[in-house]
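With TSV, C-alpha atoms inside, this is protein_19.tsv:
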```
chain	number	residue	atom	x	y	z
J	44	MET	CA	0.00	0.00	0.00
J	45	LYS	CA	1.33	3.46	-0.90
J	46	SER	CA	1.69	6.03	1.88
J	47	ALA	CA	-1.52	7.70	2.96
J	48	LEU	CA	-1.80	11.39	3.83
J	49	ASP	CA	-1.87	11.56	7.65
J	50	LYS	CA	-1.91	15.29	8.38
J	51	LEU	CA	-2.60	18.37	6.35
J	52	SER	CA	-2.07	22.10	6.92
J	53	ILE	CA	-3.31	24.75	4.48
J	54	SER	CA	-3.13	28.52	4.73
J	55	GLY	CA	-4.53	31.14	2.37
J	56	PHE	CA	-5.96	28.80	-0.30
J	57	LYS	CA	-9.38	29.65	-1.76
J	58	SER	CA	-11.90	29.67	1.15
J	59	ILE	CA	-9.45	27.96	3.53
J	60	ARG	CA	-7.89	30.73	5.58
J	61	GLU	CA	-6.22	28.38	8.07
J	62	LEU	CA	-6.27	24.61	8.54
J	63	ASN	CA	-3.65	23.31	10.96
J	64	ASP	CA	-2.48	19.71	11.42
J	65	PHE	CA	-5.82	18.31	10.28
J	66	GLU	CA	-5.85	14.54	10.69
J	67	LEU	CA	-6.95	12.39	7.77
J	68	ARG	CA	-7.85	8.75	8.36
J	69	PRO	CA	-8.34	5.76	6.06
J	70	LEU	CA	-11.99	6.81	5.60
J	71	ASN	CA	-13.05	10.46	5.45
J	72	VAL	CA	-16.61	11.49	4.56
J	73	ILE	CA	-16.85	15.25	3.96
J	74	VAL	CA	-20.24	16.94	4.38
J	75	GLY	CA	-21.35	20.54	4.45
J	76	ALA	CA	-23.67	23.12	2.94
J	77	ASN	CA	-23.29	24.40	-0.61
J	78	GLY	CA	-20.46	26.93	-0.63
J	79	ALA	CA	-19.02	25.81	2.70
J	80	GLY	CA	-15.74	24.72	1.11
J	81	LYS	CA	-15.91	20.99	0.38
J	82	SER	CA	-14.92	21.53	-3.24
J	83	ASN	CA	-12.03	23.75	-2.22
J	84	LEU	CA	-10.57	20.95	-0.12
J	85	LEU	CA	-10.85	18.63	-3.12
J	86	SER	CA	-9.17	21.34	-5.22
J	87	PHE	CA	-6.13	21.09	-2.96
J	88	PHE	CA	-5.70	17.47	-4.02
J	89	LYS	CA	-6.03	18.45	-7.68
J	90	MET	CA	-3.50	21.24	-7.23
J	91	LEU	CA	-0.92	19.04	-5.51
J	92	ARG	CA	-1.38	16.30	-8.09
J	93	ALA	CA	-0.80	18.95	-10.81
J	94	LEU	CA	2.41	19.97	-9.05
J	95	MET	CA	3.66	16.37	-9.25
J	96	ASP	CA	2.66	16.20	-12.92
J	97	GLY	CA	4.55	19.40	-13.74
J	98	THR	CA	1.32	21.20	-14.69
J	99	LEU	CA	0.87	23.51	-11.69
J	100	ASN	CA	0.55	26.72	-13.69
J	101	ARG	CA	-1.92	25.10	-16.07
J	102	TYR	CA	-4.02	24.28	-12.99
J	103	VAL	CA	-3.58	27.88	-11.78
J	104	ARG	CA	-4.59	29.27	-15.18
J	105	ASP	CA	-7.64	26.99	-15.45
J	106	ASN	CA	-8.78	28.16	-12.01
J	107	GLY	CA	-8.69	31.86	-12.82
J	108	GLY	CA	-5.07	32.67	-11.98
J	109	ALA	CA	-3.15	32.92	-8.72
J	110	THR	CA	-5.19	35.88	-7.49
J	111	ASP	CA	-8.37	33.79	-7.56
J	112	LEU	CA	-6.68	31.05	-5.54
J	113	LEU	CA	-5.61	33.36	-2.71
J	114	PHE	CA	-8.01	33.62	0.24
J	115	ASN	CA	-10.08	36.77	-0.47
J	116	GLY	CA	-7.62	37.84	-3.18
J	117	ASN	CA	-4.14	39.34	-3.08
J	118	LYS	CA	-5.15	42.40	-1.07
J	119	VAL	CA	-5.87	40.14	1.89
J	120	THR	CA	-3.55	37.19	1.28
J	121	GLN	CA	-0.05	37.36	-0.21
J	122	LYS	CA	0.83	33.66	-0.28
J	123	MET	CA	-0.50	30.12	0.11
J	124	THR	CA	1.30	27.61	2.33
J	125	PHE	CA	0.84	23.84	2.41
J	126	GLU	CA	2.29	21.13	4.61
J	127	THR	CA	1.62	17.39	4.26
J	128	ARG	CA	2.76	14.47	6.37
J	129	PHE	CA	2.92	10.87	5.18
J	130	GLY	CA	3.93	8.82	8.20
J	131	SER	CA	7.67	9.39	8.74
J	132	ARG	CA	7.95	11.71	5.71
J	133	GLY	CA	6.54	15.04	4.71
J	134	PHE	CA	6.42	17.74	2.05
J	135	ARG	CA	5.78	21.46	2.39
J	136	PHE	CA	5.90	24.49	0.10
J	137	THR	CA	4.65	28.02	-0.38
J	138	LEU	CA	3.04	29.42	-3.51
J	139	VAL	CA	3.28	33.13	-4.33
J	140	PRO	CA	1.73	34.93	-7.31
J	141	THR	CA	3.92	36.02	-10.20
J	142	PRO	CA	3.44	39.21	-12.28
J	143	SER	CA	1.73	37.07	-14.95
J	144	ASP	CA	-0.72	35.73	-12.30
J	145	GLY	CA	0.92	32.32	-12.26
J	146	CYS	CA	2.59	30.79	-9.21
J	147	ALA	CA	6.18	30.50	-8.07
J	148	ILE	CA	7.31	28.04	-5.40
J	149	GLU	CA	9.10	29.21	-2.26
J	150	ASP	CA	10.45	27.37	0.79
J	151	GLU	CA	9.95	23.90	-0.69
J	152	ALA	CA	11.12	21.26	1.78
J	153	ARG	CA	10.82	17.58	2.64
J	154	TYR	CA	10.70	15.96	6.05
J	155	TYR	CA	12.57	12.92	7.33
J	156	SER	CA	12.12	11.04	10.57
J	157	SER	CA	15.24	10.04	12.49
J	158	HIS	CA	15.55	6.61	10.88
J	159	ASP	CA	15.45	7.98	7.33
J	160	LYS	CA	18.61	10.10	7.11
J	161	ASN	CA	21.72	9.74	9.24
J	162	GLY	CA	19.81	9.40	12.47
J	163	GLN	CA	18.45	12.95	12.17
J	164	SER	CA	14.93	14.24	11.82
J	165	GLY	CA	13.48	17.49	10.56
J	166	TRP	CA	12.84	19.55	7.45
J	167	TRP	CA	15.40	19.84	4.64
J	168	LEU	CA	14.99	22.88	2.38
J	169	LEU	CA	15.03	22.31	-1.37
J	170	GLY	CA	14.95	25.97	-2.44
J	171	ASP	CA	12.69	28.12	-4.60
J	172	SER	CA	11.41	27.80	-8.17
J	173	ASP	CA	10.17	30.68	-10.30
J	174	ASP	CA	8.62	28.50	-13.01
J	175	GLY	CA	6.21	26.55	-10.79
J	176	LYS	CA	8.24	23.34	-11.14
J	177	SER	CA	8.87	21.35	-7.98
J	178	ARG	CA	12.49	20.66	-7.03
J	179	MET	CA	11.36	17.48	-5.28
J	180	VAL	CA	9.83	16.23	-8.52
J	181	ALA	CA	13.02	17.12	-10.43
J	182	GLU	CA	15.02	15.20	-7.83
J	183	VAL	CA	12.95	12.07	-8.44
J	184	GLU	CA	12.88	12.42	-12.23
J	185	GLN	CA	16.66	12.93	-12.36
J	186	ASN	CA	17.22	10.10	-9.86
J	187	THR	CA	19.68	12.10	-7.77
J	188	ALA	CA	21.39	10.73	-4.69
J	189	ASP	CA	18.60	12.05	-2.44
J	190	ALA	CA	15.77	10.86	-4.69
J	191	LYS	CA	15.21	7.84	-2.44
J	192	TYR	CA	14.01	10.21	0.31
J	193	SER	CA	11.59	12.06	-1.96
J	194	ARG	CA	10.29	9.13	-3.99
J	195	PRO	CA	7.79	7.69	-1.43
J	196	VAL	CA	6.00	11.04	-1.09
J	197	PHE	CA	6.18	11.74	-4.83
J	198	GLU	CA	4.77	8.31	-5.72
J	199	ALA	CA	1.94	8.64	-3.20
J	200	ILE	CA	0.81	12.06	-4.46
J	201	ALA	CA	1.36	11.17	-8.13
J	202	SER	CA	-0.98	8.19	-7.70
J	203	TRP	CA	-3.88	10.21	-6.29
J	204	GLN	CA	-7.06	10.01	-8.35
J	205	ILE	CA	-9.87	12.52	-7.99
J	206	TYR	CA	-12.80	10.70	-9.59
J	207	HIS	CA	-15.68	12.70	-11.01
J	208	PHE	CA	-18.26	10.54	-12.78
J	209	HIS	CA	-20.93	13.23	-13.16
J	210	ASP	CA	-21.02	13.31	-16.98
J	211	THR	CA	-22.96	10.21	-18.01
J	212	SER	CA	-24.59	11.81	-21.06
J	213	GLY	CA	-24.80	10.11	-24.42
J	214	THR	CA	-21.57	11.81	-25.49
J	215	ALA	CA	-19.65	10.97	-22.29
J	216	ALA	CA	-16.28	9.33	-22.90
J	217	MET	CA	-17.16	6.38	-20.65
J	218	ARG	CA	-19.80	5.34	-23.22
J	219	LYS	CA	-17.38	5.49	-26.16
J	220	TYR	CA	-14.74	3.20	-27.63
J	221	GLU	CA	-11.18	3.61	-26.34
J	222	ILE	CA	-7.90	2.04	-27.44
J	223	VAL	CA	-7.17	-1.20	-25.60
J	224	GLN	CA	-3.69	-0.04	-24.52
J	225	ASP	CA	-5.17	2.70	-22.29
J	226	ASN	CA	-5.62	0.27	-19.42
J	227	ARG	CA	-3.01	1.01	-16.75
J	228	VAL	CA	-4.84	3.55	-14.57
J	229	LEU	CA	-8.58	4.26	-14.43
J	230	ARG	CA	-8.95	7.84	-15.62
J	231	THR	CA	-10.66	10.44	-13.47
J	232	ASP	CA	-13.75	10.53	-15.70
J	233	ALA	CA	-13.63	6.77	-16.49
J	234	ALA	CA	-12.99	7.53	-20.17
J	235	ASN	CA	-11.00	4.28	-20.38
J	236	ILE	CA	-13.41	2.13	-18.35
J	237	ALA	CA	-13.67	-0.53	-21.10
J	238	PRO	CA	-9.92	-1.18	-21.66
J	239	PHE	CA	-9.37	-1.02	-17.90
J	240	LEU	CA	-12.00	-3.72	-17.33
J	241	LEU	CA	-10.63	-5.75	-20.23
J	242	ASN	CA	-7.20	-5.76	-18.58
J	243	LEU	CA	-8.71	-6.80	-15.23
J	244	LYS	CA	-10.61	-9.63	-16.88
J	245	ALA	CA	-7.41	-10.95	-18.46
J	246	ASN	CA	-4.99	-10.42	-15.56
J	247	HIS	CA	-6.98	-9.92	-12.33
J	248	THR	CA	-9.87	-12.36	-12.64
J	249	SER	CA	-11.05	-12.25	-9.02
J	250	ASP	CA	-11.09	-8.43	-8.95
J	251	TYR	CA	-12.96	-8.32	-12.25
J	252	GLN	CA	-15.52	-10.79	-10.89
J	253	ALA	CA	-15.96	-8.72	-7.73
J	254	ILE	CA	-16.87	-5.71	-9.90
J	255	VAL	CA	-19.34	-7.77	-11.93
J	256	ASP	CA	-20.92	-9.13	-8.73
J	257	ALA	CA	-21.28	-5.61	-7.31
J	258	VAL	CA	-22.97	-4.38	-10.50
J	259	ARG	CA	-25.38	-7.34	-10.39
J	260	LEU	CA	-26.46	-6.32	-6.88
J	261	VAL	CA	-27.54	-2.91	-8.16
J	262	THR	CA	-28.69	-4.00	-11.64
J	263	PRO	CA	-30.15	-7.51	-11.21
J	264	PHE	CA	-30.74	-8.04	-14.94
J	265	PHE	CA	-27.05	-7.42	-15.70
J	266	ASP	CA	-25.13	-10.60	-16.55
J	267	ASP	CA	-21.62	-9.64	-17.67
J	268	PHE	CA	-19.62	-7.26	-19.84
J	269	ILE	CA	-18.86	-8.06	-23.47
J	270	LEU	CA	-15.35	-6.68	-23.86
J	271	GLN	CA	-14.52	-7.58	-27.46
J	272	PRO	CA	-11.97	-5.29	-29.15
J	273	ARG	CA	-12.61	-4.16	-32.69
J	274	THR	CA	-10.09	-3.03	-35.29
J	275	SER	CA	-10.34	0.62	-36.28
J	276	GLY	CA	-7.64	1.46	-38.80
J	277	ALA	CA	-4.28	0.69	-37.19
J	278	LYS	CA	-5.66	0.48	-33.66
J	279	GLU	CA	-7.74	-1.83	-31.52
J	280	GLU	CA	-10.46	-0.31	-29.37
J	281	VAL	CA	-13.18	-1.54	-27.03
J	282	ASN	CA	-16.33	-0.28	-25.31
J	283	ILE	CA	-18.45	-1.60	-22.44
J	284	SER	CA	-20.99	-3.66	-24.32
J	285	TRP	CA	-22.87	-6.03	-22.07
J	286	ARG	CA	-25.53	-8.69	-21.96
J	287	GLN	CA	-28.66	-9.22	-19.91
J	288	LYS	CA	-29.45	-12.40	-18.04
J	289	GLY	CA	-31.32	-14.87	-20.21
J	290	SER	CA	-30.28	-13.20	-23.46
J	291	ASP	CA	-27.28	-13.38	-25.77
J	292	TYR	CA	-28.16	-10.09	-27.48
J	293	PRO	CA	-25.21	-7.64	-27.13
J	294	MET	CA	-26.42	-4.52	-25.35
J	295	GLN	CA	-24.54	-1.26	-25.96
J	296	PRO	CA	-23.34	1.41	-23.49
J	297	TYR	CA	-26.23	3.68	-24.49
J	298	HIS	CA	-28.62	1.03	-23.13
J	299	LEU	CA	-27.26	1.66	-19.62
J	300	SER	CA	-29.08	4.24	-17.50
J	301	ASP	CA	-27.10	7.14	-16.05
J	302	GLY	CA	-27.24	5.57	-12.59
J	303	SER	CA	-26.16	2.13	-13.85
J	304	ILE	CA	-23.12	3.34	-15.77
J	305	ARG	CA	-22.12	5.66	-12.92
J	306	PHE	CA	-22.27	2.74	-10.48
J	307	ILE	CA	-20.13	0.63	-12.82
J	308	CYS	CA	-17.49	3.36	-12.74
J	309	LEU	CA	-17.70	3.67	-8.94
J	310	ALA	CA	-17.45	-0.08	-8.39
J	311	THR	CA	-14.44	-0.27	-10.70
J	312	ALA	CA	-12.68	2.60	-8.93
J	313	LEU	CA	-13.31	1.18	-5.46
J	314	LEU	CA	-12.55	-2.48	-6.26
J	315	GLN	CA	-9.49	-1.99	-8.48
J	316	PRO	CA	-6.63	-4.31	-7.43
J	317	ASP	CA	-3.87	-1.68	-7.18
J	318	PRO	CA	-5.60	1.45	-5.89
J	319	PRO	CA	-4.02	4.91	-5.61
J	320	ALA	CA	-2.61	6.00	-2.26
J	321	THR	CA	-5.72	8.16	-1.91
J	322	ILE	CA	-9.04	7.91	-3.77
J	323	ILE	CA	-11.12	11.10	-3.80
J	324	ILE	CA	-14.72	10.99	-5.06
J	325	ASP	CA	-17.04	13.98	-5.29
J	326	GLU	CA	-20.76	13.29	-4.68
J	327	PRO	CA	-20.77	9.59	-5.67
J	328	GLU	CA	-24.45	9.25	-4.77
J	329	LEU	CA	-25.73	11.27	-7.74
J	330	GLY	CA	-28.37	9.39	-9.72
J	331	LEU	CA	-28.26	6.26	-7.55
J	332	HIS	CA	-31.27	4.44	-6.09
J	333	PRO	CA	-31.31	4.33	-2.25
J	334	ALA	CA	-30.58	0.58	-2.34
J	335	ALA	CA	-27.55	1.25	-4.54
J	336	ILE	CA	-26.33	3.87	-2.06
J	337	VAL	CA	-26.20	1.22	0.67
J	338	ILE	CA	-24.07	-1.03	-1.55
J	339	LEU	CA	-21.91	1.93	-2.54
J	340	ALA	CA	-21.20	2.62	1.14
J	341	GLU	CA	-20.10	-0.99	1.61
J	342	LEU	CA	-17.70	-0.65	-1.32
J	343	ILE	CA	-16.31	2.58	0.13
J	344	GLN	CA	-15.76	0.94	3.51
J	345	GLN	CA	-14.13	-2.07	1.87
J	346	ALA	CA	-11.82	0.16	-0.18
J	347	ALA	CA	-10.79	2.04	2.98
J	348	THR	CA	-9.28	-1.18	4.35
J	349	ARG	CA	-6.84	-1.20	1.40
J	350	THR	CA	-6.22	2.49	0.76
J	351	GLN	CA	-7.28	5.97	1.88
J	352	VAL	CA	-10.70	7.17	0.72
J	353	ILE	CA	-12.06	10.71	0.80
J	354	VAL	CA	-15.69	11.21	-0.22
J	355	ALA	CA	-17.61	14.49	-0.43
J	356	THR	CA	-21.37	14.01	-0.22
J	357	GLN	CA	-24.70	15.77	0.19
J	358	SER	CA	-26.65	12.55	0.76
J	359	PRO	CA	-28.24	11.79	4.16
J	360	ALA	CA	-28.81	8.21	2.93
J	361	LEU	CA	-25.09	7.75	2.30
J	362	LEU	CA	-24.19	9.46	5.57
J	363	ASP	CA	-26.35	6.92	7.43
J	364	GLN	CA	-24.01	4.10	6.45
J	365	PHE	CA	-20.89	5.40	8.23
J	366	ALA	CA	-19.62	5.76	11.78
J	367	VAL	CA	-19.66	9.16	13.47
J	368	GLU	CA	-15.84	9.33	13.49
J	369	ASP	CA	-15.77	8.95	9.70
J	370	ILE	CA	-17.57	12.27	9.23
J	371	VAL	CA	-15.86	15.63	8.68
J	372	VAL	CA	-18.20	18.63	8.71
J	373	VAL	CA	-17.27	21.69	6.68
J	374	LYS	CA	-18.76	24.97	7.87
J	375	ARG	CA	-18.32	28.60	6.93
J	376	GLN	CA	-17.36	30.95	9.74
J	377	ASP	CA	-16.48	34.63	9.27
J	378	GLY	CA	-16.10	34.02	5.54
J	379	ALA	CA	-13.69	31.10	5.89
J	380	SER	CA	-14.08	27.32	5.75
J	381	THR	CA	-13.64	25.28	8.93
J	382	PHE	CA	-13.24	21.52	9.16
J	383	GLU	CA	-14.26	19.43	12.16
J	384	ARG	CA	-14.23	15.66	12.60
J	385	LEU	CA	-17.21	14.46	14.63
J	386	ASN	CA	-16.87	12.74	18.00
J	387	GLU	CA	-19.36	9.96	18.79
J	388	GLN	CA	-19.67	10.98	22.45
J	389	ASP	CA	-21.10	14.33	21.41
J	390	TYR	CA	-24.02	12.61	19.62
J	391	ALA	CA	-24.51	9.44	21.67
J	392	SER	CA	-27.89	10.44	23.12
J	393	TRP	CA	-29.16	11.70	19.75
J	394	LEU	CA	-28.13	8.49	17.98
J	395	GLU	CA	-30.39	6.46	20.27
J	396	SER	CA	-33.36	7.93	18.36
J	397	TYR	CA	-32.00	9.26	15.07
J	398	SER	CA	-29.61	8.24	12.32
J	399	LEU	CA	-26.66	10.37	11.23
J	400	GLY	CA	-28.50	11.46	8.11
J	401	GLU	CA	-31.51	12.56	10.14
J	402	LEU	CA	-29.28	14.54	12.50
J	403	TRP	CA	-27.74	16.30	9.53
J	404	ILE	CA	-31.15	17.13	8.05
J	405	LYS	CA	-32.24	18.50	11.44
J	406	ASN	CA	-29.00	20.54	11.58
J	407	VAL	CA	-28.01	18.89	14.86
J	408	ILE	CA	-24.89	18.06	12.90
J	409	ALA	CA	-24.34	21.59	11.70
J	410	GLY	CA	-24.15	21.14	7.94
J	411	GLY	CA	-26.79	23.56	6.73
J	412	PRO	CA	-26.46	27.04	5.27
J	413	VAL	CA	-24.93	29.74	7.48
J	414	TYR	CA	-26.08	33.30	6.87
J	415	GLU	CA	-23.28	35.81	7.44
```
Rewrite the structure from the file as structure tokens, please.
Amino acid sequence: MKSALDKLSISGFKSIRELNDFELRPLNVIVGANGAGKSNLLSFFKMLRALMDGTLNRYVRDNGGATDLLFNGNKVTQKMTFETRFGSRGFRFTLVPTPSDGCAIEDEARYYSSHDKNGQSGWWLLGDSDDGKSRMVAEVEQNTADAKYSRPVFEAIASWQIYHFHDTSGTAAMRKYEIVQDNRVLRTDAANIAPFLLNLKANHTSDYQAIVDAVRLVTPFFDDFILQPRTSGAKEEVNISWRQKGSDYPMQPYHLSDGSIRFICLATALLQPDPPATIIIDEPELGLHPAAIVILAELIQQAATRTQVIVATQSPALLDQFAVEDIVVVKRQDGASTFERLNEQDYASWLESYSLGELWIKNVIAGGPVYE
């Protein structure tokens, strides 16, 4: 298992004015009102993944420029600081706006515990970078002498997948053909769901069967996928054709409802044999029947025994399936996002009569709108 993110500190990023040493666990279910800041926490993961990919300033540009990323703009906030801890290792850096409204990196550093480097522990500075390129990433890519200290953190972050299966329209990539070679990593929008499943069927039979079994629980008439590549010019490509029970007629992806194809993508992401260090899923409950939400929660809990899972949700039905300590409530206070993990003792008497979802609807778990 790749290293999970244990603690996180963020300052000056979007609606997050200050988040200090926030603990992340194997399972983290994020809830909160619209505009509270759930999406901004997920944006941190996208930003850090972009930094590892060497595309930080593309991320900055696509999100309106550095000024739009600073808490309340550059008149209030001059820089963004981030610190992450992965067990005995860590990574921290500061982002400052450039004249072109991109970002430069300052004070980039990595952390070692005492058993990692000459019996010492602490932060080792890597320096600054005007072009938005991480020196830690360069160290790994160039395989320098110190790359072995950076590689575990780099590999963990570089593996993160922020899944967003909202687009299930007729033109969505998940319903189309894709080349069979695009099968190594499930893409964030499941554009390569068919070649990914084809590879699992050939090389990870038990994991493929677990996905099929999960889909059958939600879609009882579903029998199996028909993953037969076709030749298209010089390439081979495949889509997620399928068959119904009691019929040999090949059904096409457009025969799947939005909820069915979304659940197929969710089951594949959560049951994949070599998951990312952290799986992040935004509002996985969209379009799902209440019975499917119960099964989805079981898949999320199962995945959290093998890797770290972060889920943002608005669904009381999904919330009902988790323990109190799994829940992180995002609220807005004085114009800034706050994050609080629930404690079961605080809700013990309430839970004798109500479920977690009911407590959230009643605003006992404060997740509703706050008027400032």
CA of Glu66 (chain J) and CA of Leu113 (chain J) are how many Å apart?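 Those two atoms sit 23.1 Å apart.
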Between CA of Gln315 (chain J) and CA of Ala234 (chain J), what is the distance in Å, rounded to a tenth? 15.5 Å
Show me, as a compact mmCIF listing (two decimals) with C-alpha atoms, in the frame of the given file, the residues that have an atom within 7 Å of region 239-244 of chain J when counting only C-alpha atoms, minus same-chain residues fewer than 2 positions from it.
```txt
# COMPACT_ATOMS: atom_id res chain seq x y z
CA ASN J 226 -5.62 0.27 -19.42
CA ARG J 227 -3.01 1.01 -16.75
CA LEU J 229 -8.58 4.26 -14.43
CA ASN J 235 -11.00 4.28 -20.38
CA ILE J 236 -13.41 2.13 -18.35
CA ALA J 237 -13.67 -0.53 -21.10
CA ASN J 246 -4.99 -10.42 -15.56
CA HIS J 247 -6.98 -9.92 -12.33
CA THR J 248 -9.87 -12.36 -12.64
CA ASP J 250 -11.09 -8.43 -8.95
CA TYR J 251 -12.96 -8.32 -12.25
CA LEU J 270 -15.35 -6.68 -23.86
```
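With all atoms listed in the file as the atoms that count, the residue of J:Leu70, J:Glu182, J:Tyr192, J:Ile59 with the shortest distance to Ala346 (chain J) is J:Leu70.
Close to (4.9, 34.0, -0.2), meaning no more than 8 Å away when counting only C-alpha atoms, sit the residues Gln121, Lys122, Met123, Thr124, Thr137, Leu138, Val139, Pro140 and Glu149 of chain J.
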With a distance cut-off of 12 Å and all atoms listed in the file, select the neighbouring residues of Gln345 (chain J), excluding the residue or stretch itself and same-chain residues fewer than 2 positions from it, and output the selection as a PyMOL selection string. chain J and resi 69-70+253+310+312-315+338-343+347-352+365
Go through J:Gln204, J:Ile73, J:Ala199, J:Tyr102 one by one, measure the shortest atom-to-atom distance of each to Val367 (chain J) using all atoms listed in the file, and give the residue with the smallest value. J:Ile73
